[in-house]
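> Dropping in input-v4.cif, which is mmCIF, C-alpha atoms and all ligand atoms:
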data_structure
#
loop_
_atom_site.label_atom_id
_atom_site.label_comp_id
_atom_site.auth_asym_id
_atom_site.auth_seq_id
_atom_site.Cartn_x
_atom_site.Cartn_y
_atom_site.Cartn_z
CA MET I 1 -85.41 10.20 97.55
CA ALA I 2 -85.32 11.65 94.02
CA ALA I 3 -85.16 9.14 91.17
CA MET I 4 -81.60 8.50 90.04
CA LYS I 5 -80.61 9.29 86.53
CA THR I 6 -79.73 7.25 83.49
CA ILE I 7 -76.38 8.01 81.88
CA VAL I 8 -75.92 7.52 78.16
CA ILE I 9 -72.29 7.37 77.01
CA GLY I 10 -71.88 8.86 73.53
CA ALA I 11 -73.74 11.64 71.73
CA GLY I 12 -73.96 10.01 68.32
CA ILE I 13 -77.20 8.89 66.76
CA SER I 14 -77.24 5.67 68.81
CA GLY I 15 -76.90 7.48 72.13
CA MET I 16 -79.18 10.40 71.36
CA LEU I 17 -82.02 8.26 70.03
CA VAL I 18 -81.92 6.05 73.15
CA ALA I 19 -81.84 9.17 75.31
CA ARG I 20 -84.94 10.42 73.50
CA GLU I 21 -86.82 7.15 73.97
CA LEU I 22 -86.01 7.08 77.69
CA CYS I 23 -86.77 10.73 78.16
CA LEU I 24 -90.15 10.34 76.43
CA ALA I 25 -90.87 7.54 78.93
CA GLY I 26 -90.23 9.96 81.80
CA LEU I 27 -86.67 9.04 82.77
CA ASP I 28 -84.07 11.57 83.85
CA VAL I 29 -81.23 11.29 81.29
CA GLU I 30 -77.72 12.70 81.05
CA ILE I 31 -75.50 12.18 78.01
CA ILE I 32 -71.75 12.11 78.56
CA GLU I 33 -69.72 12.79 75.42
CA ARG I 34 -65.95 12.76 75.14
CA GLY I 35 -65.82 15.26 72.29
CA GLU I 36 -68.59 17.36 70.79
CA VAL I 37 -72.22 16.38 70.28
CA GLY I 38 -72.80 14.43 67.05
CA ARG I 39 -69.40 14.89 65.45
CA GLU I 40 -68.14 11.36 64.92
CA SER I 41 -69.42 8.58 62.65
CA SER I 42 -73.01 9.80 62.78
CA TRP I 43 -71.95 13.17 61.38
CA ALA I 44 -69.66 11.65 58.75
CA GLY I 45 -72.19 9.29 57.23
CA GLY I 46 -74.25 9.57 54.07
CA GLY I 47 -77.70 9.34 55.64
CA ILE I 48 -79.10 6.67 53.34
CA ILE I 49 -82.12 5.16 55.08
CA SER I 50 -81.35 1.67 53.82
CA PRO I 51 -78.47 -0.73 54.04
CA LEU I 52 -76.51 -0.64 50.76
CA ASN I 53 -77.48 -3.76 48.77
CA PRO I 54 -79.71 -4.87 51.66
CA TRP I 55 -80.13 -8.35 50.16
CA ARG I 56 -76.49 -9.02 51.07
CA TYR I 57 -77.18 -8.54 54.78
CA PRO I 58 -78.49 -11.06 57.30
CA ASP I 59 -82.15 -10.89 58.23
CA GLU I 60 -81.26 -9.43 61.65
CA VAL I 61 -80.12 -6.23 59.92
CA ASN I 62 -83.06 -6.09 57.53
CA VAL I 63 -85.64 -6.63 60.26
CA LEU I 64 -84.28 -3.64 62.22
CA ALA I 65 -83.97 -1.58 59.04
CA ARG I 66 -87.59 -2.17 58.05
CA ALA I 67 -88.80 -1.22 61.54
CA SER I 68 -86.71 1.97 61.46
CA GLN I 69 -87.78 2.94 57.95
CA SER I 70 -91.39 2.99 59.09
CA MET I 71 -90.47 5.25 62.04
CA TYR I 72 -88.48 7.87 60.13
CA PRO I 73 -91.28 10.05 58.70
CA ALA I 74 -92.88 10.63 62.13
CA LEU I 75 -89.47 11.06 63.81
CA ALA I 76 -88.24 13.60 61.25
CA ALA I 77 -91.52 15.53 61.43
CA ALA I 78 -91.47 15.59 65.26
CA LEU I 79 -87.85 16.73 65.38
CA ALA I 80 -88.46 19.46 62.80
CA GLU I 81 -91.45 20.70 64.74
CA HIS I 82 -89.82 20.68 68.18
CA SER I 83 -86.39 21.92 67.18
CA GLY I 84 -87.09 24.16 64.17
CA ILE I 85 -84.33 22.26 62.32
CA ASP I 86 -85.44 20.21 59.30
CA PRO I 87 -83.51 16.91 59.05
CA GLU I 88 -84.38 16.89 55.32
CA LEU I 89 -85.83 13.42 55.01
CA LEU I 90 -86.12 13.08 51.23
CA ASP I 91 -87.77 10.46 49.03
CA SER I 92 -84.85 10.31 46.61
CA GLY I 93 -85.13 6.61 45.76
CA MET I 94 -82.08 4.61 44.87
CA LEU I 95 -80.76 3.21 41.58
CA VAL I 96 -78.28 0.36 41.85
CA PHE I 97 -76.35 -0.82 38.82
CA ALA I 98 -76.00 -4.59 39.01
CA ASP I 99 -75.61 -7.76 37.00
CA GLU I 100 -78.49 -10.12 36.31
CA ALA I 101 -77.66 -12.48 39.19
CA GLU I 102 -77.74 -9.62 41.68
CA ILE I 103 -80.93 -8.25 40.16
CA ALA I 104 -82.64 -11.61 40.65
CA THR I 105 -81.50 -11.72 44.29
CA ALA I 106 -82.70 -8.15 44.84
CA LEU I 107 -86.13 -8.84 43.35
CA ALA I 108 -86.58 -11.89 45.59
CA TRP I 109 -85.44 -9.88 48.62
CA GLY I 110 -87.90 -7.07 47.79
CA ALA I 111 -90.79 -9.54 47.62
CA ARG I 112 -89.79 -11.07 50.96
CA PHE I 113 -89.33 -7.79 52.83
CA GLY I 114 -92.25 -5.94 51.23
CA GLN I 115 -90.10 -3.32 49.54
CA THR I 116 -90.60 -2.13 45.98
CA VAL I 117 -87.68 -3.27 43.83
CA THR I 118 -87.94 -3.18 40.04
CA ARG I 119 -85.62 -3.94 37.17
CA VAL I 120 -84.84 -1.02 34.86
CA ASP I 121 -83.09 -1.29 31.53
CA ALA I 122 -80.87 1.33 29.95
CA ALA I 123 -83.81 2.95 28.15
CA GLY I 124 -85.82 3.23 31.37
CA LEU I 125 -82.92 4.81 33.22
CA ALA I 126 -83.22 8.13 31.43
CA ALA I 127 -86.71 8.62 32.83
CA ILE I 128 -85.63 7.93 36.40
CA GLU I 129 -82.29 9.73 36.47
CA PRO I 130 -81.03 11.43 33.32
CA ALA I 131 -77.83 12.61 35.02
CA THR I 132 -76.39 9.13 35.25
CA THR I 133 -75.05 7.03 32.42
CA ALA I 134 -75.64 3.36 31.78
CA LEU I 135 -72.70 1.60 33.42
CA LYS I 136 -74.28 -1.82 33.01
CA PRO I 137 -77.16 -2.93 30.82
CA ALA I 138 -79.58 -2.97 33.72
CA ALA I 139 -80.18 -1.55 37.16
CA ILE I 140 -82.38 -1.98 40.21
CA TRP I 141 -84.76 0.84 41.11
CA MET I 142 -85.85 1.17 44.73
CA PRO I 143 -88.24 4.14 44.83
CA GLU I 144 -88.94 3.88 48.59
CA VAL I 145 -85.36 4.44 49.75
CA ARG I 146 -85.07 7.73 51.59
CA GLN I 147 -82.17 9.82 52.82
CA VAL I 148 -81.68 12.18 55.72
CA ARG I 149 -79.11 14.98 56.13
CA ASN I 150 -77.03 13.70 59.03
CA PRO I 151 -75.66 16.96 60.47
CA ARG I 152 -79.18 18.40 60.56
CA LEU I 153 -80.70 15.25 62.02
CA LEU I 154 -78.11 15.36 64.82
CA GLN I 155 -78.60 19.07 65.47
CA ALA I 156 -82.35 18.60 65.55
CA LEU I 157 -82.03 15.65 67.92
CA ALA I 158 -79.71 17.53 70.26
CA ALA I 159 -82.00 20.57 70.32
CA ASP I 160 -85.05 18.37 70.93
CA LEU I 161 -83.30 16.57 73.80
CA ARG I 162 -82.13 19.78 75.42
CA ALA I 163 -85.65 21.18 75.25
CA ARG I 164 -86.90 18.02 76.96
CA GLY I 165 -84.44 18.46 79.80
CA VAL I 166 -81.71 16.00 78.82
CA VAL I 167 -78.35 17.24 80.12
CA PHE I 168 -75.26 17.04 77.87
CA ARG I 169 -71.87 16.81 79.55
CA THR I 170 -69.39 17.28 76.69
CA GLY I 171 -65.60 17.11 76.63
CA ALA I 172 -65.76 14.38 79.28
CA ALA I 173 -64.57 10.86 78.47
CA VAL I 174 -65.99 7.99 80.48
CA ASP I 175 -63.07 5.80 81.48
CA GLY I 176 -64.63 3.35 83.88
CA PHE I 177 -67.79 1.99 85.47
CA VAL I 178 -68.73 2.07 89.12
CA GLU I 179 -70.25 -1.24 90.13
CA HIS I 180 -71.20 -2.88 93.44
CA ASP I 181 -72.19 -6.54 93.81
CA GLY I 182 -72.90 -6.81 90.09
CA VAL I 183 -75.10 -3.72 90.02
CA ILE I 184 -74.14 -0.51 88.21
CA GLN I 185 -73.71 2.55 90.44
CA GLY I 186 -72.42 5.08 87.91
CA VAL I 187 -69.36 5.96 85.87
CA TRP I 188 -65.99 7.65 86.14
CA ALA I 189 -65.70 10.57 83.72
CA ALA I 190 -63.00 13.23 83.62
CA GLY I 191 -61.81 12.20 87.09
CA GLN I 192 -65.27 12.49 88.58
CA ARG I 193 -67.54 9.79 89.93
CA ILE I 194 -71.03 10.32 88.54
CA ALA I 195 -73.83 8.31 90.12
CA ALA I 196 -76.54 6.66 88.04
CA GLU I 197 -78.96 3.79 88.38
CA ARG I 198 -78.63 2.89 84.72
CA VAL I 199 -75.86 3.32 82.13
CA VAL I 200 -76.15 2.87 78.37
CA VAL I 201 -72.95 2.48 76.36
CA ALA I 202 -73.37 3.98 72.88
CA GLY I 203 -69.72 4.70 72.18
CA GLY I 204 -69.66 3.81 68.47
CA ALA I 205 -66.27 2.53 67.29
CA TRP I 206 -64.83 3.09 70.79
CA THR I 207 -67.29 0.77 72.56
CA SER I 208 -65.06 -2.32 72.75
CA ALA I 209 -62.35 -0.43 74.60
CA LEU I 210 -64.83 0.79 77.17
CA LEU I 211 -66.47 -2.60 77.70
CA ALA I 212 -63.13 -4.44 77.75
CA GLN I 213 -62.93 -3.74 81.49
CA THR I 214 -66.12 -5.76 81.97
CA SER I 215 -67.03 -9.35 81.05
CA ALA I 216 -68.98 -8.39 77.94
CA ALA I 217 -67.78 -9.88 74.69
CA VAL I 218 -68.32 -7.30 72.00
CA ALA I 219 -66.26 -7.27 68.82
CA ILE I 220 -66.47 -3.74 67.42
CA GLU I 221 -63.59 -2.27 65.45
CA PRO I 222 -63.19 1.05 63.65
CA VAL I 223 -63.62 1.00 59.87
CA ARG I 224 -62.72 4.30 58.25
CA GLY I 225 -64.93 5.76 55.56
CA GLN I 226 -63.95 8.78 53.47
CA MET I 227 -66.46 10.98 51.67
CA LEU I 228 -66.30 13.87 49.21
CA LEU I 229 -68.78 16.69 48.82
CA TYR I 230 -69.42 18.43 45.48
CA ARG I 231 -71.23 21.73 45.10
CA ALA I 232 -73.65 21.54 42.18
CA GLU I 233 -76.87 23.14 40.99
CA PRO I 234 -80.02 21.86 42.71
CA GLY I 235 -81.70 19.33 40.42
CA LEU I 236 -78.53 18.23 38.62
CA LEU I 237 -79.03 14.82 40.28
CA ARG I 238 -82.32 13.74 41.86
CA ARG I 239 -81.76 10.10 42.79
CA MET I 240 -79.20 8.27 44.86
CA VAL I 241 -77.17 6.13 42.48
CA MET I 242 -74.82 3.30 43.29
CA VAL I 243 -72.45 0.93 41.55
CA GLN I 244 -70.55 -1.68 43.53
CA SER I 245 -69.78 0.04 46.84
CA ARG I 246 -69.72 3.61 45.46
CA TYR I 247 -72.71 5.92 45.64
CA VAL I 248 -73.77 9.51 45.07
CA ILE I 249 -76.37 11.27 47.23
CA PRO I 250 -78.03 14.50 46.08
CA ARG I 251 -78.94 16.92 48.90
CA ARG I 252 -81.84 19.31 48.53
CA ASP I 253 -79.63 22.39 48.04
CA GLY I 254 -77.63 20.81 45.19
CA HIS I 255 -74.68 19.47 47.16
CA ILE I 256 -73.76 15.92 46.16
CA LEU I 257 -72.00 13.48 48.49
CA VAL I 258 -69.82 10.70 47.16
CA GLY I 259 -68.93 7.72 49.31
CA SER I 260 -67.19 5.84 50.49
CA THR I 261 -64.06 3.91 51.34
CA LEU I 262 -63.86 0.93 53.71
CA GLU I 263 -60.47 0.98 55.47
CA LYS I 264 -59.24 -0.88 58.54
CA VAL I 265 -56.60 1.56 59.77
CA GLY I 266 -57.39 1.72 63.47
CA PHE I 267 -58.59 4.99 65.04
CA ASP I 268 -57.03 7.16 62.33
CA LYS I 269 -59.41 9.70 60.82
CA VAL I 270 -57.05 11.39 58.36
CA THR I 271 -58.15 11.79 54.76
CA THR I 272 -55.92 10.68 51.89
CA ASP I 273 -55.27 11.99 48.38
CA GLU I 274 -55.62 8.48 46.97
CA ALA I 275 -59.14 8.10 48.35
CA ALA I 276 -60.07 11.55 47.05
CA ALA I 277 -58.91 10.65 43.54
CA ASP I 278 -60.69 7.32 43.70
CA LEU I 279 -63.96 8.80 44.95
CA ARG I 280 -63.76 11.52 42.28
CA ALA I 281 -63.32 8.92 39.56
CA SER I 282 -66.34 6.96 40.83
CA ALA I 283 -68.49 10.08 41.11
CA GLU I 284 -67.65 11.31 37.64
CA GLN I 285 -68.26 7.88 36.18
CA LEU I 286 -71.71 7.78 37.81
CA VAL I 287 -72.58 11.41 37.03
CA PRO I 288 -70.41 12.78 34.19
CA ALA I 289 -71.57 16.38 34.82
CA LEU I 290 -69.63 16.34 38.11
CA LYS I 291 -66.40 16.75 36.10
CA HIS I 292 -67.29 20.45 36.02
CA ALA I 293 -68.39 20.78 39.67
CA PRO I 294 -66.07 21.81 42.52
CA VAL I 295 -65.27 19.47 45.40
CA VAL I 296 -65.85 21.55 48.52
CA LYS I 297 -65.17 19.09 51.34
CA HIS I 298 -63.41 15.81 52.09
CA TRP I 299 -63.76 14.04 55.43
CA ALA I 300 -63.46 10.69 57.17
CA GLY I 301 -65.40 8.94 59.92
CA LEU I 302 -64.95 5.74 61.88
CA ARG I 303 -67.77 3.24 61.56
CA PRO I 304 -68.38 0.94 64.51
CA GLY I 305 -67.59 -2.20 62.52
CA THR I 306 -68.96 -5.63 63.34
CA GLU I 307 -68.39 -8.73 61.28
CA GLN I 308 -71.89 -9.04 59.81
CA GLY I 309 -73.21 -5.61 60.65
CA ILE I 310 -75.45 -6.94 63.45
CA PRO I 311 -75.39 -4.45 66.34
CA TYR I 312 -75.26 -5.20 70.05
CA ILE I 313 -78.48 -4.02 71.67
CA GLY I 314 -79.38 -5.12 75.17
CA ALA I 315 -78.38 -5.67 78.75
CA HIS I 316 -74.81 -6.34 79.82
CA PRO I 317 -74.49 -10.07 80.59
CA THR I 318 -73.26 -9.67 84.17
CA ILE I 319 -73.70 -6.08 85.37
CA GLU I 320 -77.27 -5.17 86.23
CA GLY I 321 -78.30 -1.74 85.01
CA LEU I 322 -75.61 -1.57 82.29
CA TYR I 323 -76.77 -1.65 78.66
CA VAL I 324 -75.26 -1.43 75.19
CA ASN I 325 -76.44 0.06 71.89
CA ALA I 326 -73.48 -0.08 69.50
CA GLY I 327 -71.84 -1.77 66.54
CA HIS I 328 -74.17 -0.64 63.76
CA TYR I 329 -71.29 -0.58 61.26
CA ARG I 330 -72.44 0.85 57.91
CA ASN I 331 -76.08 1.23 58.97
CA GLY I 332 -76.31 3.24 62.16
CA VAL I 333 -78.57 5.88 60.65
CA VAL I 334 -81.04 3.47 59.11
CA LEU I 335 -81.01 1.16 62.11
CA GLY I 336 -81.03 3.99 64.64
CA PRO I 337 -84.71 4.49 65.55
CA ALA I 338 -85.59 0.79 65.86
CA SER I 339 -82.38 0.03 67.77
CA ALA I 340 -83.13 2.76 70.28
CA ARG I 341 -86.74 1.61 70.61
CA LEU I 342 -85.61 -1.99 71.12
CA LEU I 343 -83.21 -1.05 73.90
CA ALA I 344 -85.75 1.21 75.58
CA ASP I 345 -88.34 -1.59 75.34
CA GLN I 346 -85.96 -3.88 77.21
CA ILE I 347 -85.05 -1.27 79.82
CA LEU I 348 -88.67 -0.34 80.43
CA GLY I 349 -90.10 -3.86 80.28
CA ARG I 350 -92.26 -3.13 77.21
CA THR I 351 -93.04 -5.58 74.41
CA PRO I 352 -89.98 -5.35 72.16
CA VAL I 353 -90.41 -3.76 68.74
CA VAL I 354 -88.50 -6.71 67.21
CA ALA I 355 -87.25 -9.96 68.75
CA PRO I 356 -84.21 -8.97 70.87
CA GLU I 357 -82.25 -12.26 70.94
CA PRO I 358 -80.05 -11.80 67.84
CA TYR I 359 -78.63 -8.54 69.22
CA ALA I 360 -77.87 -9.79 72.74
CA VAL I 361 -74.57 -8.61 74.23
CA GLY I 362 -72.12 -11.44 74.58
CA SER I 363 -73.87 -13.64 72.04
CA THR I 364 -70.98 -13.52 69.56
CA ALA I 365 -68.54 -14.86 72.15
CA ALA I 366 -70.25 -18.22 71.99
CA ILE I 367 -70.14 -18.26 68.20
CA ASP I 368 -66.51 -17.11 68.10
CA ILE I 369 -65.11 -20.16 69.93
CA ILE I 370 -63.54 -22.36 67.27
CA ASP I 371 -62.55 -25.82 68.54
CA HIS I 372 -59.62 -27.67 67.03
C1 LIG Y 1 -68.43 7.52 55.51
C2 LIG Y 1 -69.59 6.91 56.23
C3 LIG Y 1 -70.80 6.75 55.54
C4 LIG Y 1 -71.91 6.20 56.20
N1 LIG Y 1 -73.11 6.18 55.56
C5 LIG Y 1 -74.21 5.68 56.21
C6 LIG Y 1 -75.49 5.71 55.59
O1 LIG Y 1 -75.64 6.21 54.47
N2 LIG Y 1 -76.54 5.17 56.27
C7 LIG Y 1 -76.41 4.61 57.51
O2 LIG Y 1 -77.39 4.12 58.05
N3 LIG Y 1 -75.22 4.63 58.14
C8 LIG Y 1 -74.12 5.14 57.51
N4 LIG Y 1 -72.89 5.13 58.13
C9 LIG Y 1 -72.75 4.45 59.43
C10 LIG Y 1 -73.26 5.30 60.56
O3 LIG Y 1 -72.80 6.61 60.41
C11 LIG Y 1 -72.81 4.69 61.89
O4 LIG Y 1 -73.19 3.34 61.98
C12 LIG Y 1 -73.45 5.45 63.06
O5 LIG Y 1 -73.18 6.81 62.94
C13 LIG Y 1 -72.95 4.96 64.40
O6 LIG Y 1 -73.50 5.83 65.37
P1 LIG Y 1 -73.03 5.80 66.87
O7 LIG Y 1 -73.83 6.79 67.60
O8 LIG Y 1 -73.07 4.37 67.32
O9 LIG Y 1 -71.48 6.19 66.78
P2 LIG Y 1 -70.82 7.66 66.73
O10 LIG Y 1 -71.59 8.58 65.88
O11 LIG Y 1 -69.39 7.45 66.39
O12 LIG Y 1 -70.97 8.18 68.20
C14 LIG Y 1 -70.29 7.59 69.28
C15 LIG Y 1 -69.98 8.71 70.25
O13 LIG Y 1 -69.48 8.16 71.46
C16 LIG Y 1 -68.47 9.01 71.95
N5 LIG Y 1 -67.62 8.23 72.84
C17 LIG Y 1 -66.90 7.13 72.56
N6 LIG Y 1 -66.26 6.68 73.66
C18 LIG Y 1 -66.59 7.53 74.67
C19 LIG Y 1 -66.23 7.60 76.06
N7 LIG Y 1 -65.40 6.70 76.62
N8 LIG Y 1 -66.74 8.60 76.80
C20 LIG Y 1 -67.59 9.51 76.26
N9 LIG Y 1 -67.94 9.49 74.95
C21 LIG Y 1 -67.46 8.51 74.17
C22 LIG Y 1 -67.74 9.46 70.68
O14 LIG Y 1 -66.98 10.62 70.89
C23 LIG Y 1 -68.91 9.65 69.72
O15 LIG Y 1 -69.39 10.97 69.72
C24 LIG Y 1 -71.78 5.74 57.53
C25 LIG Y 1 -70.57 5.91 58.22
C26 LIG Y 1 -69.49 6.50 57.58
C27 LIG Y 1 -68.22 6.71 58.33
#
Just dump the structure as structure tokens.
Ligand SMILES: Cc1cc2nc3c(=O)[nH]c(=O)nc-3n(C[C@H](O)[C@H](O)[C@H](O)COP(=O)(O)OP(=O)(O)OC[C@H]3O[C@@H](n4cnc5c(N)ncnc54)[C@H](O)[C@@H]3O)c2cc1C

Amino acid sequence: MAAMKTIVIGAGISGMLVARELCLAGLDVEIIERGEVGRESSWAGGGIISPLNPWRYPDEVNVLARASQSMYPALAAALAEHSGIDPELLDSGMLVFADEAEIATALAWGARFGQTVTRVDAAGLAAIEPATTALKPAAIWMPEVRQVRNPRLLQALAADLRARGVVFRTGAAVDGFVEHDGVIQGVWAAGQRIAAERVVVAGGAWTSALLAQTSAAVAIEPVRGQMLLYRAEPGLLRRMVMVQSRYVIPRRDGHILVGSTLEKVGFDKVTTDEAAADLRASAEQLVPALKHAPVVKHWAGLRPGTEQGIPYIGAHPTIEGLYVNAGHYRNGVVLGPASARLLADQILGRTPVVAPEPYAVGSTAAIDIIDH
């Protein structure tokens, strides 16, 4: 009998990277996507290959981020070579304006996680990024922080997967699982029963709804983020620059992204005039020359929000053959490669790239019980 396939639900970065890991290990993989390939949160994001202010995150996020950061150069090069689409992994570095207390925390974090973090004063800023103005007397400079151009990364991934034989079934929403005696048998999608010996749920912000029909306790909720895109001359801005939760990202062709809002408004992806005005003000404060540049796009995406940003990666607690890779909140691009590797390691019985326990599905349920 021919080997049965693995179904991955969701063609965002989380689903496609797992599909790639499994496919490289010789598995037969089909991705089922409700909408279009790579058009939700993964498309909407900024592509910064680092958590923002990583020292504010728990170690579980930083450990995955560090593992992913070391994988990105080889991944981007392989995708560019196989697909002909360059994901534009750039060594932009990141400047973060901060107060002295935050700078001290950042320096200690850098030493602990082996990442270069230096303090820059107003005079030193001009050498690193002349397009920005001193918003605070000092800043943090993180030269190793990279960025990737999300839409191109997703296109490259999809092309790479197709060339490797992964099947994409788009416009088909999975609305249920087929299970027998605690073992997964497949899924229901668009009124059809599709058989599989393994199913991976990578449904981004929609994951909780899908898993609600099972015993898994995952707490993932949509958190809207709006972004603006400016068209500017290449070289106007060379570094990513951030103050508080606002940042600018220079793309290679001169476009500059400004992000982002954090809004709990359910599954509503509309953009608002207020957010546009607010993002504009932040961008022009960070880079005054943007006052003269046109805004060419405004969009919103729904992050798969979890309380501390720790994703769920691992086996379903009660259904054999069902797995989850979701809940990466603000960091799905930076955490993507290591998360996918970690899940594939568990599925394939390999030594895990990082310790899997903190990401176990159902683990938050135990923590969430508050006695009174
Ligand atoms: C404005 C913004 C800025 C961001 N900036 C960054 C950044 O700079 N760096 C970073 O690392 N991260 C960033 N993020 C976060 C990052 O984009 C997300 O964490 C990541 O994209 C999540 O990927 P995903 O594949 O899990 O989800 P998604 O990309 O949302 O993909 C999930 C897919 O599953 C599909 N799906 C859902 N339910 C079903 C179903 N029942 N049947 C079939 N298909 C289904 C959806 O249609 C979707 O295509 C940002 C996010 C936003 C919104």
> For the atom pair CA of Gly26 in chain I and CA of Ile347 in chain I, what is the interatomic distance in Å to one decimal place?
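Those two atoms sit 12.5 Å apart.
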> Go ahead and compute the interatomic distance for CA of Arg341 in chain I and CA of Arg252 in chain I, in Å to one decimal.
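Spanning CA of Arg341 in chain I to CA of Arg252 in chain I is a straight-line distance of 28.7 Å.
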> Residues near Val200 in chain I, anyone? I mean within 6 Å using all atoms listed in the file, not counting same-chain ones fewer than 2 positions away, as a PyMOL selection string.
chain I and resi 8+322-324
> Per residue of chain I within 7 Å of ligand LIG 1 (chain Y), which atom pair is closest and at what distance in Å (one decimal), using all atoms listed in the file, listed by chain and increasing number, as a tab-separated table?

residue	atom	partner	partner_atom	distance
I:Ile9	CA	Y:LIG1	C20	5.2
I:Gly10	CA	Y:LIG1	O13	3.2
I:Ala11	CA	Y:LIG1	O15	4.8
I:Gly12	CA	Y:LIG1	O7	3.3
I:Ile13	CA	Y:LIG1	O7	4.1
I:Ser14	CA	Y:LIG1	O7	3.8
I:Gly15	CA	Y:LIG1	O7	5.5
I:Ile32	CA	Y:LIG1	C20	5.4
I:Glu33	CA	Y:LIG1	N9	3.8
I:Arg34	CA	Y:LIG1	C20	3.8
I:Gly35	CA	Y:LIG1	O14	5.0
I:Glu36	CA	Y:LIG1	O15	6.5
I:Val37	CA	Y:LIG1	O15	6.1
I:Gly38	CA	Y:LIG1	O15	5.5
I:Arg39	CA	Y:LIG1	O15	5.8
I:Glu40	CA	Y:LIG1	O11	4.4
I:Ser41	CA	Y:LIG1	O10	3.9
I:Ser42	CA	Y:LIG1	O5	3.0
I:Trp43	CA	Y:LIG1	O10	6.4
I:Ala44	CA	Y:LIG1	C27	5.2
I:Gly45	CA	Y:LIG1	C4	3.3
I:Gly46	CA	Y:LIG1	O1	3.7
I:Gly47	CA	Y:LIG1	O1	3.9
I:Ile48	CA	Y:LIG1	O1	3.7
I:Ile49	CA	Y:LIG1	O2	5.7
I:Ser50	CA	Y:LIG1	O2	6.3
I:Pro51	CA	Y:LIG1	O2	6.4
I:Ala172	CA	Y:LIG1	C20	6.0
I:Ala173	CA	Y:LIG1	N8	3.6
I:Val174	CA	Y:LIG1	N8	3.8
I:Asp175	CA	Y:LIG1	N7	5.5
I:Ala202	CA	Y:LIG1	O8	5.6
I:Gly203	CA	Y:LIG1	O13	3.5
I:Gly204	CA	Y:LIG1	O9	3.4
I:Ala205	CA	Y:LIG1	O11	5.9
I:Trp206	CA	Y:LIG1	N6	4.8
I:Thr207	CA	Y:LIG1	N6	6.1
I:Leu210	CA	Y:LIG1	N7	6.0
I:Arg224	CA	Y:LIG1	C27	6.0
I:Gly225	CA	Y:LIG1	C1	3.9
I:Gln226	CA	Y:LIG1	C1	5.1
I:Met227	CA	Y:LIG1	C1	5.5
I:Gly259	CA	Y:LIG1	C1	6.2
I:Ser260	CA	Y:LIG1	C1	5.4
I:Ala300	CA	Y:LIG1	C1	6.1
I:Gly301	CA	Y:LIG1	C27	3.9
I:Leu302	CA	Y:LIG1	C27	4.9
I:Arg303	CA	Y:LIG1	C27	4.8
I:Pro304	CA	Y:LIG1	O4	5.9
I:Ala326	CA	Y:LIG1	O8	5.0
I:Gly327	CA	Y:LIG1	O8	6.3
I:His328	CA	Y:LIG1	O4	4.5
I:Tyr329	CA	Y:LIG1	O4	4.4
I:Arg330	CA	Y:LIG1	C9	3.9
I:Asn331	CA	Y:LIG1	O2	3.3
I:Gly332	CA	Y:LIG1	O4	3.1
I:Val333	CA	Y:LIG1	O2	3.4
I:Val334	CA	Y:LIG1	O2	3.9
I:Leu335	CA	Y:LIG1	O2	6.2
> Residues within 12 Å of Ala156 in chain I, please, as number ranges by chain. Count all atoms listed in the file; anything in the same chain fewer than 2 positions from it doesn't count.
I: 13, 16-17, 20, 37-38, 75-88, 148-154, 158-163
> In Å to one decimal, how far is CA of Tyr72 in chain I from CA of Cys23 in chain I?
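Atom-to-atom, CA of Cys23 in chain I and CA of Tyr72 in chain I are spaced 18.3 Å apart.
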> Could you check which of I:Val183, I:Ala212, I:Ala126, I:Leu52 is closest to Gly362 in chain I, using all atoms listed in the file?
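Closest residue, counting all atoms listed in the file: I:Ala212.
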> Considering all atoms listed in the file, can you say which of I:Val187, I:Leu286, I:Met142, I:Val353 comes closest to Tyr247 in chain I?
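Ranked by minimum distance to Tyr247 in chain I, first place goes to I:Leu286.
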> Skipping near chain neighbours, those fewer than 2 positions away, what residues fall within 8 Å of Gly314 in chain I using all atoms listed in the file, listed as a ChimeraX atom specification?
/I:312,316,323-325,343,346,356,359-361
> Hey, what's within 12 Å of Tyr230 in chain I if we count only C-alpha atoms and toss same-chain stuff fewer than 6 positions away? As an NGL selection string, please?
:I and (236-237 or 248-251 or 253-259 or 276 or 279-280 or 283-284 or 287 or 289-298)
> Which is closer to Glu129 in chain I than all the others in I:Gly235, I:Gly336, I:Pro358, I:Pro222, using all atoms listed in the file?
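Checking each of I:Gly235, I:Gly336, I:Pro358, I:Pro222 against Glu129 in chain I, counting all atoms listed in the file, the winner is I:Gly235.
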> Between I:Gly266, I:Gly349, I:Gly124, I:Pro317, which one has atoms that come closest to Ile140 in chain I, using all atoms listed in the file?
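Going through I:Gly266, I:Gly349, I:Gly124, I:Pro317 one by one, the smallest distance to Ile140 in chain I is for I:Gly124.
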> So, counting only C-alpha atoms, which residue among I:Arg146, I:Arg198, I:Arg119, I:Lys136 is closest to Pro73 in chain I?
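Of I:Arg146, I:Arg198, I:Arg119, I:Lys136, the one nearest Pro73 in chain I, counting only C-alpha atoms, is I:Arg146.
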> Rank I:Ala196, I:Ala25, I:Leu90, I:Ile220 by their smallest atom-to-atom distance to Glu144 in chain I, using only C-alpha atoms, and report the top residue only.
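Closest to Glu144 in chain I of all the choices is I:Leu90.
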